[in-house]
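> Take a look at entry-v3.cif, mmCIF, C-alpha atoms and all ligand atoms:
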```
data_final
#
loop_
_atom_site.label_atom_id
_atom_site.label_comp_id
_atom_site.auth_asym_id
_atom_site.auth_seq_id
_atom_site.Cartn_x
_atom_site.Cartn_y
_atom_site.Cartn_z
CA MET A 1 0.00 0.00 0.00
CA GLN A 2 1.51 3.28 -1.05
CA GLY A 3 1.04 6.79 -2.42
CA LYS A 4 -2.50 8.14 -2.67
CA ILE A 5 -4.14 4.93 -1.45
CA LEU A 6 -1.97 4.82 1.66
CA LYS A 7 -2.91 8.45 2.39
CA LYS A 8 -6.62 7.63 1.93
CA PHE A 9 -6.16 4.60 4.16
CA ALA A 10 -4.60 6.68 6.93
CA GLU A 11 -7.25 9.42 6.72
CA THR A 12 -10.15 6.95 6.69
CA VAL A 13 -8.78 4.96 9.63
CA LEU A 14 -8.20 8.08 11.71
CA SER A 15 -11.49 9.81 10.94
CA VAL A 16 -13.96 6.87 10.66
CA GLY A 17 -12.00 4.30 12.71
CA VAL A 18 -10.71 5.96 15.87
CA ASN A 19 -12.32 9.36 15.25
CA LEU A 20 -9.11 11.13 16.29
CA GLN A 21 -9.70 14.49 17.94
CA GLU A 22 -7.63 17.63 18.07
CA ASP A 23 -5.09 17.47 20.92
CA GLN A 24 -5.56 13.74 21.41
CA GLY A 25 -2.71 11.22 21.65
CA LEU A 26 -2.51 8.32 19.17
CA GLU A 27 -0.83 4.98 19.68
CA ILE A 28 -0.05 2.80 16.66
CA ILE A 29 0.79 -0.90 16.87
CA CYS A 30 2.55 -1.75 13.64
CA PRO A 31 4.59 -4.62 12.14
CA VAL A 32 8.17 -3.42 11.89
CA GLU A 33 8.37 -4.26 8.16
CA LYS A 34 5.49 -1.84 7.48
CA SER A 35 6.95 1.30 9.00
CA GLU A 36 5.71 3.39 6.05
CA VAL A 37 2.14 2.74 7.21
CA ALA A 38 2.88 4.05 10.69
CA VAL A 39 4.54 7.10 9.16
CA ALA A 40 1.51 7.77 6.93
CA LEU A 41 -0.79 7.45 9.95
CA ALA A 42 1.41 9.80 11.98
CA LYS A 43 1.45 12.39 9.19
CA ALA A 44 -2.32 12.26 8.81
CA ALA A 45 -2.71 12.42 12.60
CA TYR A 46 -0.67 15.61 12.86
CA GLU A 47 -2.67 17.09 9.99
CA MET A 48 -5.67 16.46 12.20
CA LYS A 49 -3.80 18.24 15.03
CA ALA A 50 -3.03 15.20 17.18
CA LYS A 51 -1.12 15.83 20.41
CA ILE A 52 1.47 13.06 20.05
CA VAL A 53 1.92 9.83 18.08
CA ASN A 54 3.56 6.81 19.72
CA VAL A 55 4.38 3.57 17.94
CA ARG A 56 4.90 0.07 19.28
CA TRP A 57 6.70 -2.06 16.69
CA GLU A 58 5.94 -5.72 16.39
CA CYS A 59 8.27 -8.32 14.92
CA GLU A 60 7.12 -11.91 14.49
CA ASN A 61 10.65 -13.13 13.79
CA ILE A 62 11.82 -11.93 17.20
CA ASP A 63 8.64 -13.24 18.84
CA LYS A 64 9.29 -16.63 17.28
CA LEU A 65 12.90 -16.71 18.52
CA ASN A 66 11.69 -15.79 21.98
CA PHE A 67 9.03 -18.49 21.95
CA LEU A 68 11.54 -21.10 20.80
CA ASN A 69 14.38 -20.14 23.12
CA ALA A 70 13.03 -18.53 26.27
CA SER A 71 11.59 -20.56 29.12
CA VAL A 72 7.87 -20.55 29.92
CA LYS A 73 8.74 -18.88 33.22
CA THR A 74 10.35 -15.99 31.37
CA LEU A 75 7.69 -15.81 28.66
CA THR A 76 4.93 -15.53 31.25
CA ASP A 77 6.71 -12.81 33.23
CA ILE A 78 4.92 -9.81 31.72
CA PRO A 79 6.86 -6.65 32.61
CA LYS A 80 5.10 -4.13 34.81
CA TRP A 81 6.16 -1.28 32.54
CA PHE A 82 4.34 -2.94 29.64
CA VAL A 83 1.11 -3.22 31.62
CA GLU A 84 1.48 0.39 32.79
CA SER A 85 2.13 1.60 29.25
CA LYS A 86 -1.23 0.12 28.23
CA ASN A 87 -3.16 1.53 31.19
CA TYR A 88 -1.50 4.89 30.48
CA LEU A 89 -3.36 5.05 27.13
CA VAL A 90 -6.72 4.89 28.88
CA GLU A 91 -5.71 7.30 31.66
CA LYS A 92 -4.40 9.88 29.19
CA GLY A 93 -7.30 9.59 26.77
CA PHE A 94 -5.32 8.19 23.82
CA CYS A 95 -6.90 6.28 20.98
CA TYR A 96 -5.10 3.44 19.24
CA VAL A 97 -4.81 1.85 15.82
CA ALA A 98 -3.63 -1.77 15.72
CA ILE A 99 -2.41 -3.18 12.42
CA SER A 100 -3.17 -6.85 12.15
CA ALA A 101 -1.09 -8.44 9.39
CA GLU A 102 0.17 -11.65 10.94
CA ASN A 103 1.76 -14.47 9.05
CA PRO A 104 -0.92 -17.10 9.76
CA SER A 105 1.62 -19.81 10.47
CA ALA A 106 4.39 -17.69 11.99
CA PHE A 107 4.57 -19.84 15.10
CA LYS A 108 3.83 -23.24 13.61
CA ASP A 109 7.06 -24.70 15.04
CA VAL A 110 6.47 -23.36 18.53
CA PRO A 111 5.12 -25.87 21.08
CA PRO A 112 1.44 -24.93 21.56
CA TYR A 113 1.70 -24.97 25.37
CA LYS A 114 4.23 -22.13 25.23
CA LEU A 115 1.87 -20.03 23.12
CA ALA A 116 -1.04 -20.88 25.39
CA GLU A 117 0.81 -20.09 28.61
CA SER A 118 2.15 -16.79 27.35
CA ALA A 119 -1.23 -15.72 25.90
CA LYS A 120 -2.83 -16.53 29.24
CA ALA A 121 -0.22 -14.59 31.23
CA ARG A 122 -0.59 -11.61 28.89
CA GLY A 123 -4.37 -11.75 29.16
CA LYS A 124 -4.19 -11.85 32.94
CA ALA A 125 -1.66 -9.00 33.18
CA LEU A 126 -3.69 -6.84 30.79
CA LYS A 127 -7.08 -7.70 32.26
CA LYS A 128 -7.70 -4.13 33.41
CA PHE A 129 -6.74 -2.72 30.01
CA PHE A 130 -8.78 -5.24 27.99
CA GLY A 131 -11.69 -4.57 30.34
CA GLN A 132 -11.49 -0.91 29.33
CA VAL A 133 -11.12 -1.76 25.65
CA MET A 134 -14.17 -4.02 25.66
CA ALA A 135 -16.23 -1.49 27.62
CA ASN A 136 -15.28 1.25 25.14
CA GLY A 137 -13.20 3.14 27.71
CA ILE A 138 -10.87 3.94 24.82
CA ARG A 139 -11.50 4.46 21.09
CA TRP A 140 -9.65 1.89 19.01
CA CYS A 141 -9.53 0.40 15.55
CA VAL A 142 -8.03 -2.78 14.10
CA VAL A 143 -7.05 -2.63 10.43
CA SER A 144 -4.83 -4.58 8.06
CA VAL A 145 -2.19 -3.91 5.45
CA PRO A 146 -0.64 -6.62 3.26
CA THR A 147 2.65 -8.19 4.30
CA ALA A 148 4.76 -10.53 2.15
CA GLU A 149 4.46 -13.61 4.37
CA TRP A 150 0.74 -13.25 4.93
CA ALA A 151 0.05 -12.60 1.22
CA LYS A 152 2.00 -15.71 0.19
CA GLN A 153 -0.34 -17.88 2.22
CA VAL A 154 -3.49 -16.27 0.87
CA PHE A 155 -2.36 -16.38 -2.77
CA PRO A 156 0.35 -19.07 -2.96
CA ASN A 157 0.22 -19.22 -6.77
CA ALA A 158 0.04 -15.53 -7.60
CA GLU A 159 2.89 -13.75 -9.33
CA ASP A 160 2.74 -10.85 -6.90
CA PRO A 161 0.79 -12.04 -3.84
CA GLU A 162 1.34 -8.84 -1.88
CA SER A 163 -0.18 -6.55 -4.50
CA LYS A 164 -3.09 -8.98 -4.96
CA LEU A 165 -3.79 -8.95 -1.23
CA CYS A 166 -3.48 -5.18 -1.27
CA THR A 167 -6.18 -4.93 -3.97
CA GLU A 168 -8.52 -7.05 -1.84
CA ILE A 169 -7.90 -5.04 1.34
CA VAL A 170 -8.46 -1.76 -0.52
CA LYS A 171 -11.75 -3.13 -1.87
CA ALA A 172 -12.94 -4.41 1.50
CA MET A 173 -12.07 -1.07 3.10
CA ARG A 174 -13.93 0.84 0.37
CA LEU A 175 -10.84 2.94 -0.36
CA ASN A 176 -11.50 2.95 -4.11
CA ALA A 177 -14.46 5.24 -3.60
CA ARG A 178 -13.90 8.90 -4.35
CA ASP A 179 -14.98 9.68 -0.81
CA PRO A 180 -14.39 6.61 1.41
CA VAL A 181 -15.61 8.45 4.51
CA ASN A 182 -19.00 9.00 2.86
CA GLU A 183 -19.11 5.35 1.70
CA TRP A 184 -18.50 4.29 5.25
CA GLU A 185 -21.30 6.49 6.56
CA GLN A 186 -23.77 4.80 4.19
CA HIS A 187 -22.48 1.36 5.12
CA ILE A 188 -22.80 2.13 8.84
CA THR A 189 -26.42 3.28 8.37
CA LYS A 190 -27.34 0.03 6.60
CA LEU A 191 -25.86 -2.14 9.34
CA GLU A 192 -27.58 -0.02 11.97
CA SER A 193 -30.99 -0.66 10.42
CA ARG A 194 -30.41 -4.43 10.80
CA ALA A 195 -29.32 -3.98 14.40
CA LYS A 196 -32.50 -1.97 15.01
CA PHE A 197 -34.68 -4.78 13.61
CA LEU A 198 -33.01 -7.29 15.94
CA ASN A 199 -33.26 -4.96 18.93
CA ASP A 200 -36.93 -4.24 18.26
CA ASN A 201 -37.66 -7.98 18.29
CA ASP A 202 -35.83 -8.48 21.60
CA PHE A 203 -35.21 -12.18 20.92
CA ALA A 204 -34.74 -14.64 23.77
CA ALA A 205 -32.61 -16.95 21.64
CA LEU A 206 -31.34 -17.71 18.13
CA HIS A 207 -31.44 -21.05 16.36
CA PHE A 208 -28.76 -21.94 13.75
CA VAL A 209 -29.10 -24.85 11.32
CA SER A 210 -26.91 -25.84 8.39
CA GLY A 211 -26.25 -28.85 6.18
CA THR A 212 -22.79 -29.32 7.69
CA GLY A 213 -24.35 -30.53 10.91
CA THR A 214 -24.72 -27.30 12.85
CA ASP A 215 -27.90 -27.42 14.93
CA PHE A 216 -27.51 -25.01 17.73
CA THR A 217 -29.62 -22.79 19.96
CA VAL A 218 -28.06 -19.90 21.83
CA GLY A 219 -29.88 -17.83 24.43
CA LEU A 220 -29.16 -14.11 24.60
CA CYS A 221 -28.28 -12.08 27.68
CA ASP A 222 -31.02 -10.31 29.63
CA GLY A 223 -31.09 -6.76 28.31
CA HIS A 224 -28.76 -7.59 25.41
CA LYS A 225 -28.22 -5.01 22.71
CA TRP A 226 -27.31 -5.63 19.06
CA LEU A 227 -24.45 -3.44 17.89
CA SER A 228 -22.88 -2.90 14.50
CA ALA A 229 -19.98 -1.05 12.90
CA GLN A 230 -20.16 2.17 14.81
CA GLU A 231 -20.14 2.31 18.59
CA LYS A 232 -20.01 5.06 21.15
CA ALA A 233 -17.05 5.31 23.49
CA LYS A 234 -17.43 6.29 27.13
CA ASP A 235 -16.50 9.84 26.18
CA GLY A 236 -19.58 9.99 23.95
CA LEU A 237 -17.64 10.00 20.66
CA SER A 238 -18.33 7.37 18.02
CA PHE A 239 -15.72 5.02 16.55
CA VAL A 240 -15.49 1.90 14.37
CA ALA A 241 -13.44 -0.82 16.08
CA ASN A 242 -12.87 -3.00 13.02
CA MET A 243 -12.28 -1.95 9.45
CA PRO A 244 -13.58 -3.64 7.43
CA THR A 245 -16.68 -4.68 9.34
CA GLU A 246 -19.87 -6.27 8.09
CA GLU A 247 -21.23 -7.69 11.32
CA VAL A 248 -24.17 -7.12 13.61
CA PHE A 249 -23.42 -8.70 16.97
CA THR A 250 -24.61 -9.17 20.52
CA ALA A 251 -24.10 -11.02 23.81
CA PRO A 252 -24.98 -14.68 24.15
CA HIS A 253 -26.02 -15.88 27.61
CA ARG A 254 -23.10 -17.80 29.10
CA LEU A 255 -25.39 -20.52 30.51
CA LYS A 256 -27.65 -20.90 27.49
CA ALA A 257 -26.10 -22.61 24.47
CA ASP A 258 -27.14 -26.11 23.43
CA GLY A 259 -26.37 -28.25 20.44
CA VAL A 260 -23.67 -28.82 17.86
CA VAL A 261 -21.64 -26.16 16.06
CA LYS A 262 -19.42 -26.94 13.07
CA SER A 263 -16.70 -24.53 12.02
CA ALA A 264 -17.23 -23.17 8.52
CA MET A 265 -13.69 -21.88 7.92
CA PRO A 266 -10.22 -22.48 9.34
CA LEU A 267 -9.33 -20.38 12.36
CA CYS A 268 -5.93 -18.83 12.71
CA TYR A 269 -5.07 -18.48 16.37
CA SER A 270 -1.70 -17.73 17.97
CA GLY A 271 0.16 -18.22 14.68
CA GLN A 272 -1.29 -21.70 14.19
CA ILE A 273 -4.24 -23.06 12.22
CA ILE A 274 -7.26 -24.88 13.64
CA ASP A 275 -9.53 -26.48 11.04
CA GLY A 276 -12.58 -28.70 10.69
CA PHE A 277 -13.78 -28.57 14.26
CA THR A 278 -17.02 -29.41 15.99
CA LEU A 279 -18.06 -28.12 19.39
CA VAL A 280 -20.84 -29.63 21.45
CA PHE A 281 -22.55 -27.30 23.93
CA LYS A 282 -24.71 -28.10 26.90
CA LYS A 283 -26.12 -25.34 29.10
CA GLY A 284 -23.69 -22.86 27.63
CA LYS A 285 -20.59 -24.98 28.10
CA ILE A 286 -18.46 -26.96 25.66
CA VAL A 287 -18.83 -30.57 26.80
CA ASP A 288 -17.16 -32.25 23.82
CA PHE A 289 -15.15 -31.30 20.75
CA SER A 290 -13.39 -32.83 17.77
CA VAL A 291 -11.00 -31.29 15.27
CA GLU A 292 -9.28 -32.31 12.04
CA LYS A 293 -6.28 -30.02 12.38
CA GLY A 294 -4.84 -28.21 15.40
CA TYR A 295 -6.05 -30.44 18.24
CA GLU A 296 -3.51 -29.18 20.80
CA VAL A 297 -4.09 -25.51 19.99
CA LEU A 298 -7.87 -25.84 20.24
CA LYS A 299 -7.64 -27.88 23.44
CA ASN A 300 -5.36 -25.27 25.03
CA LEU A 301 -7.61 -22.45 23.88
CA ILE A 302 -10.73 -24.08 25.34
CA ASN A 303 -8.91 -24.78 28.60
CA THR A 304 -7.41 -21.29 29.02
CA ASP A 305 -9.85 -20.50 31.82
CA LYS A 306 -13.46 -21.18 32.81
CA GLY A 307 -14.73 -18.58 30.37
CA THR A 308 -13.09 -20.04 27.26
CA ARG A 309 -15.51 -22.98 27.43
CA ARG A 310 -18.39 -20.56 27.01
CA LEU A 311 -19.50 -17.93 24.52
CA GLY A 312 -18.96 -14.16 24.54
CA GLU A 313 -20.33 -13.06 21.17
CA VAL A 314 -22.73 -14.01 18.43
CA ALA A 315 -22.48 -12.14 15.13
CA LEU A 316 -24.52 -12.21 11.92
CA ILE A 317 -23.00 -11.60 8.49
CA GLY A 318 -24.64 -12.48 5.17
CA LYS A 319 -22.97 -14.55 2.46
CA ASN A 320 -23.30 -11.57 0.12
CA SER A 321 -21.08 -9.28 2.15
CA PRO A 322 -18.28 -8.03 -0.16
CA ILE A 323 -15.67 -10.06 1.73
CA ALA A 324 -17.77 -13.23 1.60
CA LYS A 325 -18.39 -12.69 -2.11
CA SER A 326 -14.67 -12.43 -2.81
CA GLY A 327 -14.50 -16.12 -1.84
CA ILE A 328 -11.01 -15.59 -0.48
CA LEU A 329 -9.82 -17.26 2.67
CA PHE A 330 -7.67 -14.62 4.34
CA TYR A 331 -6.38 -16.62 7.31
CA ASN A 332 -6.92 -13.44 9.30
CA THR A 333 -9.90 -13.16 11.62
CA LEU A 334 -10.43 -9.47 10.85
CA PHE A 335 -11.39 -10.47 7.30
CA ASP A 336 -12.67 -14.03 7.69
CA GLU A 337 -15.06 -13.09 10.50
CA ASN A 338 -16.62 -10.53 8.17
CA ALA A 339 -17.33 -13.21 5.58
CA SER A 340 -19.32 -15.46 7.85
CA CYS A 341 -21.62 -15.61 10.86
CA HIS A 342 -19.43 -16.24 13.87
CA ILE A 343 -19.45 -16.85 17.57
CA ALA A 344 -16.65 -16.16 20.04
CA LEU A 345 -15.24 -18.20 22.87
CA GLY A 346 -14.42 -16.13 25.94
CA LYS A 347 -15.18 -12.68 27.21
CA GLY A 348 -18.36 -10.91 26.17
CA TYR A 349 -18.56 -7.19 25.43
CA PRO A 350 -20.20 -5.23 28.30
CA THR A 351 -21.32 -2.79 25.59
CA THR A 352 -23.62 -5.47 24.14
CA ILE A 353 -25.77 -5.14 27.27
CA GLU A 354 -28.01 -2.15 27.95
CA ASN A 355 -25.99 0.24 30.16
CA GLY A 356 -23.37 -2.54 30.45
CA GLU A 357 -20.46 -0.06 30.58
CA ASN A 358 -21.68 1.06 34.00
CA LEU A 359 -22.39 -2.37 35.50
CA THR A 360 -20.03 -4.25 37.80
CA ARG A 361 -18.61 -7.65 36.79
CA LYS A 362 -21.08 -9.29 39.15
CA GLU A 363 -24.01 -7.43 37.64
CA LEU A 364 -22.86 -8.32 34.13
CA ALA A 365 -22.56 -11.98 35.12
CA ALA A 366 -26.09 -11.86 36.54
CA ARG A 367 -27.33 -10.72 33.11
CA GLY A 368 -25.54 -13.71 31.59
CA LEU A 369 -22.41 -12.06 30.18
CA ASN A 370 -19.36 -14.31 29.98
CA ASP A 371 -15.95 -13.37 31.38
CA SER A 372 -12.49 -14.64 30.39
CA VAL A 373 -8.98 -13.43 29.61
CA GLU A 374 -9.63 -14.44 25.97
CA HIS A 375 -12.00 -13.51 23.18
CA VAL A 376 -11.63 -15.61 20.02
CA ASP A 377 -14.07 -15.48 17.09
CA PHE A 378 -14.64 -18.50 14.88
CA MET A 379 -16.75 -18.81 11.78
CA ILE A 380 -19.91 -20.90 11.53
CA GLY A 381 -21.79 -19.31 8.62
CA THR A 382 -22.28 -21.60 5.62
CA LYS A 383 -24.02 -20.85 2.29
CA ASP A 384 -27.12 -22.78 3.39
CA LEU A 385 -27.31 -21.41 6.93
CA ILE A 386 -30.73 -20.79 8.42
CA VAL A 387 -31.08 -18.50 11.43
CA GLU A 388 -34.32 -17.91 13.24
CA GLY A 389 -35.03 -15.68 16.17
CA ILE A 390 -37.04 -17.12 19.04
CA LYS A 391 -39.12 -14.49 20.81
CA LYS A 392 -39.91 -14.57 24.50
CA ASP A 393 -43.40 -15.93 23.78
CA GLY A 394 -41.93 -18.68 21.58
CA THR A 395 -42.79 -17.07 18.21
CA LEU A 396 -40.22 -17.81 15.49
CA VAL A 397 -38.96 -15.03 13.23
CA PRO A 398 -36.86 -15.96 10.18
CA ILE A 399 -33.65 -13.88 10.01
CA PHE A 400 -31.39 -15.82 7.61
CA LYS A 401 -32.17 -18.17 4.74
CA ASP A 402 -29.56 -19.73 2.44
CA GLY A 403 -26.80 -17.97 4.33
CA ASP A 404 -28.11 -14.45 3.94
CA TRP A 405 -30.33 -11.86 5.58
CA ILE A 406 -34.03 -11.98 4.79
CA ILE A 407 -35.00 -8.92 6.78
ZN ZN A 501 -17.44 -10.29 15.80
ZN ZN A 502 -15.31 -11.02 18.37
#
```
Would you kindly transcribe this structure into structure tokens?
Ligand code: ZN
Ligand code: ZN


Amino acid sequence: MQGKILKKFAETVLSVGVNLQEDQGLEIICPVEKSEVAVALAKAAYEMKAKIVNVRWECENIDKLNFLNASVKTLTDIPKWFVESKNYLVEKGFCYVAISAENPSAFKDVPPYKLAESAKARGKALKKFFGQVMANGIRWCVVSVPTAEWAKQVFPNAEDPESKLCTEIVKAMRLNARDPVNEWEQHITKLESRAKFLNDNDFAALHFVSGTGTDFTVGLCDGHKWLSAQEKAKDGLSFVANMPTEEVFTAPHRLKADGVVKSAMPLCYSGQIIDGFTLVFKKGKIVDFSVEKGYEVLKNLINTDKGTRRLGEVALIGKNSPIAKSGILFYNTLFDENASCHIALGKGYPTTIENGENLTRKELAARGLNDSVEHVDFMIGTKDLIVEGIKKDGTLVPIFKDGDWII
């Protein structure tokens, strides 16, 4: 990504994504090989009169060396300064842009238990920060730019995988439009009308059925709220946490999920791939699972803590979303989750409950919201998926037929 498109990217992410304000600090989390993206974001930020721009560089090659060579004891010792640097962002009213461009199999040679232990330690250490992130105590946005290693896995046979991936990202982010910000406003309005329909119906549960074997009923939290692209932060300003985004999502009840769920796409988690898995739920909890690829990774993920056996999100996306229509498997959840209905293991978003930002953890749990140090989306939407809403009086309302919205 370069030149005019990179400039458009930076401006769209800062104005639609984090809604950067004058005299506000910006933190950028960026892969070290993509420094030009951080520079473009910083330039655009100062044009918008930002206070300061800080960058945290990420390098998968160093991470991999650390995972392979350092002991678990060392890997799970999360420095205090790192935790403080995260909490600082919330205290000082920063917003942040995280660039997700992982090589999907970066850590394929790392023993899964090392990845699991260090993810768990990180989650625990950053619990306060993630709590703020998920309660919209900070405005944030996750976006992607193409990297060579990632692109090679998406388009292994292409002559120039990186430029091909770039074209797809630009399309999904609507950057080809003359005025991407305006495009985004229209897109946001459309998603909001779907969220309104779901909120007006105030469903007690949703029922998913597909030819792959998914037959699954999930209850929703008491006082749940459907959200879409644009949310309001605690400071009252709107932001879009994921770009692209095609989803309308809410809070499943942690004690109310029953039936069988089949994954519809591979899931890339912790630099490893989990594929072809089936989860069996009883009263909200995973009681059995099977998997074709990535058994250890999935087992460790499910056993991270009590909350990773339960659900924290249910999201609806039609098969005709632009990303779904592209038919490309991105091996990156930011894109793949926007091609398919998905559910998440782990922590639920307090914001998906009416007034949830102001409720205590106990109060949220009483409404049914799940808690965990993790939140991992996985895709369940197939081309033949049927979704119906079950109202409190038992009435059924069709929402999805043949994998797409019918409302
Ligand atoms: Zn989601
Ligand atoms: Zn999610």

> Excluding Val291 of chain A and residues on its chain fewer than 3 positions from it, collect all residues at most 12 Å away from it, counting all atoms listed in the file, and give them as an MDAnalysis selection string.

chainID A and resid 261:263 266:267 273:280 288 294:299

> Using all atoms listed in the file for the distances, tell me which of A:Thr214, A:Gln153, A:Ser15, A:Ser163 is nearest to Gly381 of chain A.

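Among the listed residues, A:Thr214 lies closest to Gly381 of chain A.
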
> Using only C-alpha atoms - which residues lie no farther than 10 Å from the point (2.1, -12.3, 3.8) in the file's frame? Write them as a PyMOL selection string.

chain A and resi 101-104+145-156+161-162+165

> Find the residues near segment 240-242 of chain A: any atom within 7 Å, counting all atoms listed in the file, skip ones fewer than 6 places away on the same chain, and give them as an mmCIF file with C-alpha atoms, in the frame of the given file.


```
data_model
loop_
_atom_site.group_PDB
_atom_site.id
_atom_site.type_symbol
_atom_site.label_atom_id
_atom_site.label_comp_id
_atom_site.auth_asym_id
_atom_site.auth_seq_id
_atom_site.Cartn_x
_atom_site.Cartn_y
_atom_site.Cartn_z
ATOM 1 C CA VAL A 16 -13.960 6.870 10.660
ATOM 2 C CA GLY A 17 -12.000 4.300 12.710
ATOM 3 C CA VAL A 18 -10.710 5.960 15.870
ATOM 4 C CA TRP A 140 -9.650 1.890 19.010
ATOM 5 C CA CYS A 141 -9.530 0.400 15.550
ATOM 6 C CA VAL A 142 -8.030 -2.780 14.100
ATOM 7 C CA VAL A 143 -7.050 -2.630 10.430
ATOM 8 C CA ALA A 229 -19.980 -1.050 12.900
ATOM 9 C CA GLN A 230 -20.160 2.170 14.810
ATOM 10 C CA GLU A 231 -20.140 2.310 18.590
#
```

> Report, in Å to a single decimal, how far apart atom CA of Ser85 of chain A and atom CA of Asp377 of chain A are.

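Separating atom CA of Asp377 of chain A from atom CA of Ser85 of chain A is a distance of 26.5 Å.
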
> Enumerate as an MDAnalysis selection string the residues within 8 Å of ligand ZN 501 (chain A), counting only C-alpha atoms and all ligand atoms.

chainID A and resid 247:249 313:315 337:338 342:344 377

> Figure out the distance between atom CA of Asp222 of chain A and atom CA of Lys392 of chain A, please, to one decimal in Å.

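A separation of 11.1 Å between them.
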
> So how far away is atom CA of Glu60 of chain A from atom CA of Ile29 of chain A, in Å?

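For atom CA of Ile29 of chain A relative to atom CA of Glu60 of chain A, the distance reads 12.9 Å.
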
> So that I can check the surroundings of segment 115-123 of chain A, please list as an MDAnalysis selection string every protein, DNA and RNA residue that reaches within 8 Å of it, counting only C-alpha atoms and ignoring chain neighbours fewer than 3 positions away.

chainID A and resid 67 72 75:78 110:112 126:127 130 270 297 300:301 304 373:374

> Please identify all polymer residues within 7 Å of Lys319 of chain A, counting all atoms listed in the file, omitting same-chain residues fewer than 6 positions from it, and present them as a list in words.

Lys325, Ala339, Ser340, Lys383, Gly403 and Asp404 of chain A

> Go ahead and dump the residues you just picked, C-alpha atoms, as a compact mmCIF listing (two decimals), in the frame of the given file.


```
# COMPACT_ATOMS: atom_id res chain seq x y z
CA LYS A 325 -18.39 -12.69 -2.11
CA ALA A 339 -17.33 -13.21 5.58
CA SER A 340 -19.32 -15.46 7.85
CA LYS A 383 -24.02 -20.85 2.29
CA GLY A 403 -26.80 -17.97 4.33
CA ASP A 404 -28.11 -14.45 3.94
```

> Check the smallest atom-to-atom distance from each of A:Asp336, A:Glu58, A:Glu27, A:Glu192 to ligand ZN 502 (chain A) using all atoms listed in the file, then report the winner.

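Counting all atoms listed in the file, the residue closest to ligand ZN 502 (chain A) is A:Asp336.
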
> Write out as a PDB file with C-alpha atoms, in the frame of the given file which residues come within 7 Å of Lys108 of chain A when counting all atoms listed in the file, dropping same-chain ones fewer than 2 positions away.


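Once everything was written out, this is part.pdb:
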```
ATOM      1  CA  SER A 105       1.620 -19.810  10.470  1.00  0.00           C
ATOM      2  CA  ALA A 106       4.390 -17.690  11.990  1.00  0.00           C
ATOM      3  CA  VAL A 110       6.470 -23.360  18.530  1.00  0.00           C
ATOM      4  CA  GLY A 271       0.160 -18.220  14.680  1.00  0.00           C
ATOM      5  CA  GLN A 272      -1.290 -21.700  14.190  1.00  0.00           C
TER       6      GLN A 272
END
```

> Looking at all atoms listed in the file, which of A:Lys232, A:Lys401, A:Leu227, A:Glu36 is the one that sits closest to ligand ZN 502 (chain A)?

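Looking at the shortest contact to ligand ZN 502 (chain A), the residue is A:Leu227.
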
> Looking at A:Arg367, A:His207, A:Lys73, A:Lys283, which one is nearest to Gly394 of chain A, with distances taken over all atoms listed in the file?

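Nearest candidate to Gly394 of chain A out of A:Arg367, A:His207, A:Lys73, A:Lys283: A:His207.
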
> Select, from A:Ser321, A:Asp402, A:Ala251, A:Glu363, the residue with the minimum atom-to-atom distance to ligand ZN 502 (chain A), counting all atoms listed in the file.

A:Ala251

> Place a sphere of radius 12 Å on (1.2, 4.6, -0.5) in the file coordinates and name every protein, DNA or RNA residue with an atom inside or on its surface, counting all atoms listed in the file; give the answer as a PyMOL selection string.

chain A and resi 1-10+34-41+145-146+163+166+170

> Rank A:Phe281, A:Lys362, A:Thr245, A:Leu329 by their smallest atom-to-atom distance to ligand ZN 502 (chain A), using only C-alpha atoms and all ligand atoms, and report the top residue only.

A:Thr245
